[in-house]
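One file, my_file_0.cif, carrying mmCIF, C-alpha atoms:
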```cif
data_structure
#
loop_
_atom_site.label_atom_id
_atom_site.label_comp_id
_atom_site.auth_asym_id
_atom_site.auth_seq_id
_atom_site.Cartn_x
_atom_site.Cartn_y
_atom_site.Cartn_z
CA MET A 285 22.95 -44.68 105.15
CA ARG A 286 22.99 -43.03 101.76
CA ILE A 287 20.40 -42.54 99.03
CA GLU A 288 21.23 -43.44 95.45
CA LEU A 289 19.37 -43.17 92.14
CA GLU A 290 19.43 -46.32 90.07
CA LYS A 291 18.34 -46.19 86.44
CA ARG A 292 15.30 -48.31 85.69
CA ALA A 293 15.75 -51.12 83.17
CA ASP A 294 12.24 -50.60 81.79
CA VAL A 295 10.54 -47.20 81.70
CA SER A 296 6.75 -47.06 81.59
CA LYS A 297 5.69 -45.33 78.38
CA LEU A 298 2.37 -44.41 79.97
CA PHE A 299 3.97 -42.65 82.92
CA ALA A 300 6.58 -40.99 80.69
CA PHE A 301 3.78 -39.56 78.54
CA ALA A 302 1.64 -38.56 81.53
CA SER A 303 4.50 -37.01 83.52
CA PRO A 304 3.74 -33.36 82.55
CA LEU A 305 0.05 -33.85 83.34
CA LEU A 306 0.90 -35.38 86.72
CA ALA A 307 3.23 -32.46 87.44
CA LEU A 308 0.46 -30.01 86.55
CA VAL A 309 -2.03 -31.78 88.86
CA LEU A 310 0.48 -31.76 91.73
CA THR A 311 1.11 -28.06 91.12
CA LEU A 312 -2.62 -27.34 91.38
CA VAL A 313 -2.91 -29.37 94.59
CA PHE A 314 0.00 -27.66 96.30
CA GLY A 315 -1.16 -24.31 94.90
CA ALA A 316 -4.53 -24.86 96.59
CA ILE A 317 -2.72 -25.62 99.86
CA MET A 318 -0.70 -22.42 99.45
CA PHE A 319 -3.85 -20.32 98.95
CA ALA A 320 -5.45 -21.95 102.00
CA MET A 321 -2.38 -21.01 104.07
CA LEU A 322 -2.77 -17.43 102.81
CA GLY A 323 -6.35 -17.39 104.10
CA LYS A 324 -7.96 -17.56 100.63
CA ASP A 325 -10.63 -19.97 99.41
CA PRO A 326 -8.61 -22.46 97.30
CA VAL A 327 -11.44 -23.12 94.82
CA GLU A 328 -12.10 -19.41 94.31
CA ALA A 329 -8.38 -18.70 94.02
CA LEU A 330 -7.71 -21.41 91.45
CA ASP A 331 -10.77 -20.29 89.49
CA ALA A 332 -9.43 -16.73 89.42
CA PHE A 333 -5.99 -17.99 88.46
CA PHE A 334 -6.79 -20.52 85.73
CA ILE A 335 -10.43 -20.20 84.62
CA GLU A 336 -11.44 -16.52 84.60
CA PRO A 337 -8.67 -15.45 82.15
CA LEU A 338 -10.16 -17.85 79.57
CA LEU A 339 -13.71 -16.53 79.62
CA GLU A 340 -13.30 -13.32 77.58
CA VAL A 341 -12.09 -12.88 74.01
CA TRP A 342 -9.81 -9.97 74.90
CA SER A 343 -8.14 -12.07 77.61
CA LEU A 344 -7.47 -14.82 75.06
CA HIS A 345 -5.62 -12.20 73.03
CA GLU A 346 -3.59 -11.32 76.13
CA LEU A 347 -2.85 -15.01 76.59
CA ALA A 348 -1.48 -15.19 73.04
CA ILE A 349 0.67 -12.10 73.67
CA LYS A 350 2.27 -13.68 76.74
CA ALA A 351 2.60 -17.11 75.14
CA ALA A 352 4.39 -15.85 72.01
CA PRO A 353 7.80 -15.02 73.57
CA LEU A 354 7.66 -18.11 75.79
CA ILE A 355 7.10 -20.43 72.81
CA LEU A 356 9.68 -18.71 70.60
CA ILE A 357 12.39 -18.82 73.26
CA ALA A 358 11.55 -22.35 74.44
CA VAL A 359 11.70 -23.78 70.91
CA GLY A 360 15.25 -22.47 70.56
CA LEU A 361 16.19 -23.75 74.01
CA ALA A 362 14.81 -27.20 73.11
CA VAL A 363 17.34 -27.41 70.27
CA CYS A 364 20.11 -26.46 72.71
CA TYR A 365 19.08 -28.88 75.42
CA ARG A 366 18.50 -31.81 73.06
CA SER A 367 22.04 -31.31 71.76
CA ASN A 368 23.35 -31.26 75.37
CA ASN A 369 24.21 -27.54 75.34
CA TRP A 370 22.79 -25.64 78.30
CA ASN A 371 21.85 -22.12 77.33
CA ILE A 372 20.49 -20.46 80.50
CA GLY A 373 20.94 -16.91 79.19
CA ALA A 374 17.91 -16.54 76.91
CA GLU A 375 16.71 -13.62 79.04
CA GLY A 376 19.84 -11.69 78.08
CA GLN A 377 19.54 -12.65 74.42
CA PHE A 378 15.90 -11.52 74.54
CA THR A 379 17.04 -8.14 75.91
CA ILE A 380 19.83 -7.65 73.39
CA GLY A 381 17.48 -8.59 70.55
CA ALA A 382 15.08 -5.89 71.75
CA ILE A 383 17.93 -3.36 71.81
CA THR A 384 19.41 -4.13 68.40
CA GLY A 385 15.99 -4.35 66.79
CA SER A 386 15.03 -0.97 68.26
CA TYR A 387 18.04 0.79 66.73
CA LEU A 388 16.20 1.85 63.57
CA PRO A 389 12.99 3.29 65.11
CA ILE A 390 14.94 5.13 67.83
CA VAL A 391 18.04 6.43 66.04
CA PHE A 392 16.43 6.86 62.60
CA TYR A 393 13.01 7.84 63.87
CA ASP A 394 12.38 10.09 60.84
CA TRP A 395 12.73 7.17 58.41
CA HIS A 396 9.24 5.99 57.41
CA SER A 397 9.37 3.00 55.13
CA PRO A 398 7.75 -0.46 54.80
CA LEU A 399 11.28 -1.86 55.19
CA VAL A 400 11.60 -0.65 58.78
CA LEU A 401 9.72 -3.50 60.47
CA PRO A 402 11.35 -6.39 58.53
CA LEU A 403 14.79 -4.90 59.17
CA MET A 404 13.94 -4.52 62.88
CA LEU A 405 13.05 -8.21 63.12
CA ILE A 406 16.24 -9.22 61.30
CA LEU A 407 18.38 -7.00 63.54
CA GLY A 408 16.66 -8.38 66.64
CA ALA A 409 17.36 -11.99 65.66
CA LEU A 410 20.93 -11.10 64.68
CA GLY A 411 21.56 -9.33 67.99
CA GLY A 412 20.29 -12.29 70.01
CA ALA A 413 22.41 -14.71 67.97
CA LEU A 414 25.58 -12.64 68.38
CA PHE A 415 25.04 -12.34 72.12
CA ALA A 416 24.56 -16.12 72.34
CA ALA A 417 27.79 -16.54 70.38
CA ILE A 418 29.77 -15.40 73.44
CA PRO A 419 29.07 -18.49 75.60
CA ALA A 420 29.30 -20.63 72.44
CA LEU A 421 32.82 -19.34 71.76
CA LEU A 422 33.88 -19.82 75.37
CA LYS A 423 32.59 -23.40 75.48
CA ALA A 424 33.75 -24.51 72.03
CA HIS A 425 37.32 -23.16 72.29
CA PHE A 426 38.03 -22.80 76.02
CA ASN A 427 35.78 -25.52 77.50
CA THR A 428 34.10 -22.94 79.75
CA ASN A 429 30.90 -23.90 81.56
CA GLU A 430 28.13 -22.45 79.39
CA ILE A 431 25.61 -22.42 82.22
CA LEU A 432 27.62 -19.84 84.16
CA THR A 433 28.69 -17.69 81.22
CA SER A 434 25.24 -17.49 79.62
CA LEU A 435 23.61 -16.73 82.97
CA MET A 436 26.07 -13.98 83.90
CA LEU A 437 25.58 -12.32 80.53
CA VAL A 438 21.90 -11.77 81.42
CA TYR A 439 22.89 -9.13 83.97
CA ILE A 440 25.20 -7.42 81.48
CA ALA A 441 22.36 -7.18 78.95
CA GLN A 442 19.90 -5.80 81.50
CA LEU A 443 22.35 -3.20 82.79
CA PHE A 444 23.25 -2.20 79.22
CA LEU A 445 19.56 -1.64 78.44
CA ASP A 446 19.14 0.44 81.60
CA TRP A 447 22.21 2.53 80.70
CA LEU A 448 20.92 3.19 77.17
CA ILE A 449 17.42 4.18 78.26
CA ARG A 450 18.68 6.52 80.96
CA GLY A 451 21.29 7.97 78.62
CA ALA A 452 21.70 8.18 74.86
CA TRP A 453 18.33 6.67 73.91
CA ARG A 454 16.14 8.50 76.42
CA ASP A 455 13.26 10.38 74.82
CA PRO A 456 14.15 14.12 74.87
CA LYS A 457 10.42 14.88 75.09
CA GLY A 458 9.73 12.26 77.75
CA PHE A 459 9.82 14.60 80.79
CA ASN A 460 13.03 12.89 81.98
CA PHE A 461 11.35 9.47 82.34
CA PRO A 462 13.63 6.53 81.43
CA VAL A 463 11.89 5.54 78.19
CA SER A 464 12.82 5.81 74.53
CA ARG A 465 10.85 7.52 71.79
CA ASP A 466 7.58 5.84 70.89
CA PHE A 467 7.94 3.74 67.76
CA ALA A 468 6.46 5.13 64.55
CA PRO A 469 3.47 3.22 63.10
CA GLU A 470 5.75 1.62 60.50
CA ALA A 471 7.82 0.10 63.33
CA VAL A 472 4.90 -1.48 65.23
CA LEU A 473 4.12 -5.16 64.76
CA PRO A 474 0.50 -5.28 63.55
CA ALA A 475 -2.31 -7.05 65.37
CA ILE A 476 -3.65 -10.32 63.97
CA TRP A 477 -7.29 -9.42 64.46
CA GLU A 478 -7.47 -5.85 65.70
CA GLU A 479 -11.26 -5.76 66.04
CA SER A 480 -11.31 -8.26 68.93
CA GLY A 481 -8.00 -7.71 70.71
CA ARG A 482 -4.37 -6.70 70.48
CA ALA A 483 -2.64 -10.08 69.91
CA HIS A 484 0.02 -9.48 67.27
CA TRP A 485 2.01 -11.45 64.73
CA ALA A 486 4.60 -12.65 67.24
CA PHE A 487 2.20 -15.48 68.12
CA ILE A 488 2.14 -16.53 64.45
CA PHE A 489 5.95 -16.40 64.39
CA ALA A 490 6.02 -18.66 67.44
CA ILE A 491 3.68 -21.26 65.94
CA VAL A 492 5.58 -21.28 62.63
CA ALA A 493 8.92 -21.63 64.48
CA ALA A 494 7.60 -24.53 66.56
CA ILE A 495 6.28 -26.41 63.52
CA GLY A 496 9.46 -25.70 61.54
CA VAL A 497 11.78 -26.94 64.31
CA TRP A 498 9.58 -30.02 64.85
CA PHE A 499 9.96 -30.83 61.14
CA MET A 500 13.73 -30.23 61.33
CA LEU A 501 14.19 -32.51 64.34
CA ARG A 502 12.03 -35.28 62.89
CA TYR A 503 12.83 -35.33 59.17
CA THR A 504 16.22 -33.70 58.48
CA LEU A 505 19.86 -34.69 58.84
CA LYS A 506 20.46 -31.69 61.11
CA GLY A 507 17.74 -32.94 63.45
CA PHE A 508 19.32 -36.40 63.51
CA GLU A 509 22.68 -34.78 64.28
CA ILE A 510 21.17 -32.86 67.19
CA VAL A 511 19.66 -36.01 68.70
CA VAL A 512 22.77 -38.18 68.23
CA LEU A 513 25.21 -35.64 69.68
CA GLY A 514 22.83 -34.93 72.53
CA GLN A 515 22.63 -38.60 73.49
CA SER A 516 26.26 -39.54 72.90
CA GLU A 517 29.02 -37.23 71.75
CA ARG A 518 31.25 -40.24 71.06
CA ALA A 519 28.64 -41.83 68.80
CA GLY A 520 28.26 -38.49 67.03
CA ARG A 521 31.99 -38.36 66.32
CA PHE A 522 31.87 -41.87 64.82
CA ALA A 523 29.02 -40.65 62.59
CA GLY A 524 31.18 -37.74 61.41
CA PHE A 525 29.35 -35.02 63.36
CA SER A 526 31.26 -32.15 65.00
CA SER A 527 30.37 -31.29 68.59
CA LYS A 528 31.98 -27.84 68.22
CA LYS A 529 29.85 -27.02 65.19
CA MET A 530 26.78 -28.18 67.11
CA ILE A 531 27.66 -25.85 70.00
CA TRP A 532 27.76 -22.94 67.58
CA PHE A 533 24.60 -23.97 65.75
CA SER A 534 22.48 -24.56 68.86
CA PHE A 535 23.53 -21.35 70.62
CA LEU A 536 23.18 -19.15 67.54
CA PHE A 537 19.80 -20.69 66.69
CA SER A 538 18.38 -20.33 70.19
CA GLY A 539 19.83 -16.83 70.54
CA ALA A 540 18.25 -15.75 67.25
CA LEU A 541 14.80 -16.94 68.34
CA ALA A 542 15.20 -15.25 71.73
CA GLY A 543 16.28 -12.01 70.03
CA LEU A 544 13.32 -12.22 67.65
CA ALA A 545 11.05 -12.67 70.65
CA GLY A 546 12.62 -9.59 72.26
CA ILE A 547 12.07 -7.18 69.38
CA ALA A 548 8.59 -8.64 68.70
CA GLU A 549 7.63 -8.01 72.34
CA VAL A 550 8.90 -4.43 72.27
CA SER A 551 7.43 -3.62 68.86
CA GLY A 552 4.11 -5.41 69.27
CA SER A 553 3.25 -5.06 72.97
CA ILE A 554 5.15 -2.08 74.40
CA GLY A 555 5.81 0.34 71.55
CA HIS A 556 9.08 1.71 72.97
CA LEU A 557 12.10 0.65 74.98
CA GLN A 558 12.06 0.89 78.77
CA PRO A 559 14.24 -0.51 81.57
CA ALA A 560 11.89 -3.47 82.19
CA ILE A 561 10.70 -5.21 79.04
CA SER A 562 10.32 -8.76 80.35
CA PRO A 563 8.76 -10.32 83.44
CA GLY A 564 11.31 -13.12 83.13
CA TYR A 565 10.28 -14.75 79.85
CA GLY A 566 13.79 -16.09 79.24
CA PHE A 567 13.85 -18.02 82.52
CA THR A 568 10.21 -19.14 82.38
CA ALA A 569 10.87 -20.51 78.88
CA ILE A 570 13.17 -23.10 80.50
CA ILE A 571 10.13 -24.47 82.35
CA VAL A 572 8.13 -24.31 79.10
CA ALA A 573 10.78 -26.34 77.27
CA PHE A 574 10.89 -29.12 79.87
CA LEU A 575 7.13 -29.18 80.43
CA GLY A 576 6.80 -29.65 76.66
CA ARG A 577 9.28 -32.57 76.85
CA LEU A 578 11.67 -30.65 74.57
CA ASN A 579 9.20 -31.32 71.76
CA PRO A 580 8.34 -28.18 69.76
CA LEU A 581 4.68 -29.17 69.41
CA GLY A 582 4.46 -29.90 73.13
CA ILE A 583 6.07 -26.52 73.76
CA ILE A 584 3.09 -24.78 72.13
CA ALA A 585 0.77 -26.30 74.75
CA SER A 586 3.14 -25.73 77.67
CA GLY A 587 3.75 -22.14 76.54
CA LEU A 588 0.03 -21.45 76.73
CA VAL A 589 -0.10 -23.01 80.22
CA LEU A 590 2.76 -20.89 81.54
CA ALA A 591 1.33 -17.79 79.85
CA LEU A 592 -1.87 -18.51 81.77
CA THR A 593 0.08 -18.32 85.05
CA TYR A 594 1.15 -14.76 84.16
CA LEU A 595 -2.37 -13.77 83.18
CA GLY A 596 -3.94 -15.55 86.14
CA GLY A 597 -1.42 -13.99 88.50
CA GLU A 598 -2.46 -10.53 87.37
CA ALA A 599 -6.15 -11.44 87.78
CA ALA A 600 -5.53 -12.91 91.24
CA GLN A 601 -3.78 -9.73 92.36
CA LEU A 602 -6.87 -7.71 91.48
CA SER A 603 -9.60 -10.06 92.67
CA LEU A 604 -7.90 -11.69 95.67
CA GLY A 605 -5.33 -9.10 96.71
CA VAL A 606 -2.43 -11.58 96.70
CA SER A 607 1.19 -10.73 95.91
CA ASP A 608 2.56 -10.86 92.38
CA LYS A 609 5.11 -13.37 93.73
CA VAL A 610 2.35 -16.02 93.62
CA THR A 611 2.99 -16.36 89.87
CA ARG A 612 6.64 -17.17 90.55
CA VAL A 613 5.64 -19.72 93.17
CA PHE A 614 3.36 -21.52 90.69
CA GLN A 615 6.07 -21.55 88.04
CA GLY A 616 8.64 -22.83 90.53
CA LEU A 617 6.29 -25.57 91.74
CA LEU A 618 5.62 -26.62 88.17
CA LEU A 619 9.33 -26.90 87.32
CA PHE A 620 10.00 -28.78 90.58
CA PHE A 621 7.28 -31.34 89.93
CA VAL A 622 8.20 -31.77 86.25
CA LEU A 623 11.79 -32.61 87.17
CA SER A 624 10.74 -34.72 90.17
CA CYS A 625 8.25 -36.79 88.16
CA ASP A 626 10.77 -37.35 85.37
CA THR A 627 13.42 -38.41 87.88
CA LEU A 628 11.13 -40.97 89.57
CA ILE A 629 9.96 -42.31 86.20
CA TYR A 630 13.47 -42.91 84.85
CA TYR A 631 15.20 -43.76 88.14
CA LYS A 632 14.31 -45.64 91.29
CA ILE A 633 15.47 -44.62 94.75
CA ARG A 634 17.73 -47.08 96.53
CA ILE A 635 18.73 -46.76 100.16
CA VAL A 636 22.19 -48.17 100.90
CA TRP A 637 22.99 -49.06 104.48
CA SER A 638 26.67 -49.07 105.41
CA ARG A 639 28.08 -50.27 108.70
CA LEU A 640 30.88 -48.43 110.43
CA ARG A 641 33.71 -50.78 111.01
CA GLY A 642 35.92 -49.99 113.91
CA ARG A 643 39.59 -50.72 113.80
CA ALA A 644 40.73 -53.27 116.35
CA ALA A 645 43.01 -51.86 118.98
#
```
Please go through the file and, once you have read it, give me the structure as C-alpha cells.
Amino acid sequence: MRIELEKRADVSKLFAFASPLLALVLTLVFGAIMFAMLGKDPVEALDAFFIEPLLEVWSLHELAIKAAPLILIAVGLAVCYRSNNWNIGAEGQFTIGAITGSYLPIVFYDWHSPLVLPLMLILGALGGALFAAIPALLKAHFNTNEILTSLMLVYIAQLFLDWLIRGAWRDPKGFNFPVSRDFAPEAVLPAIWEESGRAHWAFIFAIVAAIGVWFMLRYTLKGFEIVVLGQSERAGRFAGFSSKKMIWFSFLFSGALAGLAGIAEVSGSIGHLQPAISPGYGFTAIIVAFLGRLNPLGIIASGLVLALTYLGGEAAQLSLGVSDKVTRVFQGLLLFFVLSCDTLIYYKIRIVWSRLRGRAA
C-alpha cells in the first residue's frame, strides 16, 4: 500500500479563499487542546493570548512594532516565492541590514546631521541586498540549492553580529556588556504618534511596501514576468524573460526589504546594537507570506496576526506562567495547517494497493 497525491481537476474557489481562515480556526482549536494539557483553562488562555493585547492603545502600538518587520520581510519573500526562488535566509539579511545601517551612528557617533537617518536606511537595505546576492550568485551561475545556502548564511550573519558587539563595536562606557553605543537622537526612527505609544515609521514603510509590490505584481510588466517565470520557466523563456535575471532581482529585492526591516527595528525599537535583535522575524515572515497567500495585501493582515502571537505570548507568560516556547508552537501549528489545508484543497489523497507477486519456483 502506498499513498499518493493526485492533483484535482477542479479546485473550489471558496475553499481556496477560506483556506487561511480554516487554518487559523484549526490552530485555535489545537492551541486550546495544548493549553488544556498544560493544566490551563483554554478559554482564559486564548483570551490572554489573542484578546487582551488588543484592548489597550499602547498594546496596539506594540502590535504595529512587531508587525512592521514581519510585513516588510514577507512582502519581499512573496516576490521570491512567486518567482519560484526560495529565499529562506531573510533572518540573516535582516541581521546584516541592521549591522550595515548601524555603521554611521556607531563609528561616526559624533556626526549629528539630518542626513544620518536616511543614510542609515539606505545602508541597511543595501547590506541586506548584498547579503542576499550570495545565494543568488550561487544559484544563477553554479545551480546551487538556494534553500541551503541562504539558510546557512543566517548563522554566519548572527555570529558576525555577536563578534562585532563583543569586540570592535562594544560600547567603551557600557561596563563590559555586549552592546554598542546608544544611537544619537538623529539616528533614531521617530514615532508615528508619540503621545499614545511608541510605534514608529517602520510600520508605514511596511504598508507602503506592501501596496507598492501589490501594484507591481498586478499592473506592471515586471509583475507579469514574476508570475510567468514562477509558473513555468519554459513559458517565460518563450516570452523572452530571463530566469537568471529573475533570480538576481527577486533575491536582491527581498534582501533589501529584509535589511530595511533590520535597521528600522534597531533604530526604532532598540536604539543600539546587541547580540539578539530579532526573535526570529525572518523565519516567522515565511509563515506570514504563505498565510497571506503570497499576496502583499493579504500579507498585511497575516503580519498583524503573527505579530499578535508574539504579543500574546508575552502576555500569556505574565498572566498564565507558561513558557515562551508557546509562541513558537502556535506559529508552527499555523504554518502546518496552512500548508495542510492548501495541499488538501489542490490535491486529493489516493491509496494505491499493490499485491506482492511471488516468483514461481
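Every protein, DNA or RNA residue with an atom at most 9 Å from A:Val327, where all atoms listed in the file count and chain neighbours fewer than 4 positions away do not, is listed here: Ala316, Asp331 and Ala332 of chain A.
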Select from stretch 303-387 of chain A every residue with an atom at most 7 Å from any atom of stretch 415-433 of chain A, then for each give the shortest pair of atoms and their distance in Å to one decimal, using all atoms listed in the file, rows by chain and rising number, as JSON lines.
```
{"residue": "A:Trp370", "atom": "CA", "partner": "A:Ile431", "partner_atom": "CA", "distance": 5.8}
{"residue": "A:Asn371", "atom": "CA", "partner": "A:Ile431", "partner_atom": "CA", "distance": 6.2}
{"residue": "A:Ile372", "atom": "CA", "partner": "A:Ile431", "partner_atom": "CA", "distance": 5.7}
{"residue": "A:Gln377", "atom": "CA", "partner": "A:Phe415", "partner_atom": "CA", "distance": 6.0}
```
*Would you kindly return, as a ChimeraX atom specification, each protein, DNA or RNA residue with an atom no farther than 10 Å from any atom of A:Gly582, considering all atoms listed in the file and excluding same-chain residues fewer than 4 positions away?*
/A:355,359,494,498,572-578,586-587
*Run through the PyMOL selection byres ((chain A and resi 437-452) around 10) on the given coordinates and return the selected residues as a ChimeraX atom specification.*
/A:372-383,391,415-416,418-419,432-436,453-456,460-465,557-561,566
*asked:* What would the selection look like, as an MDAnalysis selection string, if the PyMOL selection byres ((chain A and resi 524-535) around 9) were run on the coordinates I just shared?
replied: chainID A and resid 360:361 363:365 367:371 413 416:417 419:421 423:425 509:510 512:513 517 519:523 536:540
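Every residue within 9 Å of the file position (-4.1, -17.2, 80.5), judged by only C-alpha atoms, is given as Phe333, Phe334, Ile335, Glu336, Pro337, Leu338, Ser343, Leu344, Glu346, Leu347, Ala348, Lys350, Ala351, Leu588, Val589, Leu590, Ala591, Leu592, Thr593, Tyr594, Leu595 and Gly596 of chain A.
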_Which residues would end up in the selection if the PyMOL selection byres ((chain A and resi 608-611) around 6) were applied here, given that I need the answer as a ChimeraX atom specification?_
/A:593,597,607,612-614
*What does the distance between atom CA of A:Ser296 and atom CA of A:Ile629 come to in Å, to one decimal place?*
7.4 Å
*Which is closest to A:Pro563 among A:Ile491, A:Leu401, A:Ile584, A:Leu354, if we use only C-alpha atoms?*
A:Leu354
Skipping near chain neighbours, those fewer than 2 positions away, what residues fall within 7 Å of A:Leu405 using all atoms listed in the file, listed as a short mmCIF file (atom, residue, chain, number, x, y, z; two decimals) with C-alpha atoms, in the frame of the given file?
```cif
data_model
loop_
_atom_site.label_atom_id
_atom_site.label_comp_id
_atom_site.auth_asym_id
_atom_site.auth_seq_id
_atom_site.Cartn_x
_atom_site.Cartn_y
_atom_site.Cartn_z
CA GLY A 385 15.99 -4.35 66.79
CA LEU A 401 9.72 -3.50 60.47
CA PRO A 402 11.35 -6.39 58.53
CA LEU A 403 14.79 -4.90 59.17
CA LEU A 407 18.38 -7.00 63.54
CA GLY A 408 16.66 -8.38 66.64
CA ALA A 409 17.36 -11.99 65.66
CA LEU A 544 13.32 -12.22 67.65
CA ILE A 547 12.07 -7.18 69.38
#
```
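Proximity of A:Lys324, A:His484, A:Arg286, A:Lys291 to A:Ala545, computed with only C-alpha atoms, is greatest for A:His484.
The shortest atom-to-atom distance to A:Pro304, with all atoms listed in the file taken into account, belongs to A:Leu618 out of A:Ala471, A:Leu628, A:Leu339, A:Leu618.
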Edge lengths and centre in Å to one decimal, as AutoDock Vina command-line options, of the axis-aligned box that encloses all listed atoms of stretch 454-464 of chain A with 8 Å added on every side?
```
--center_x 12.9 --center_y 10.2 --center_z 78.4 --size_x 22.4 --size_y 25.3 --size_z 23.8
```
*Given all atoms listed in the file as the counted atoms, nearest of A:Asp626, A:Glu598, A:Lys632, A:Arg502 to A:Lys297*: A:Asp626
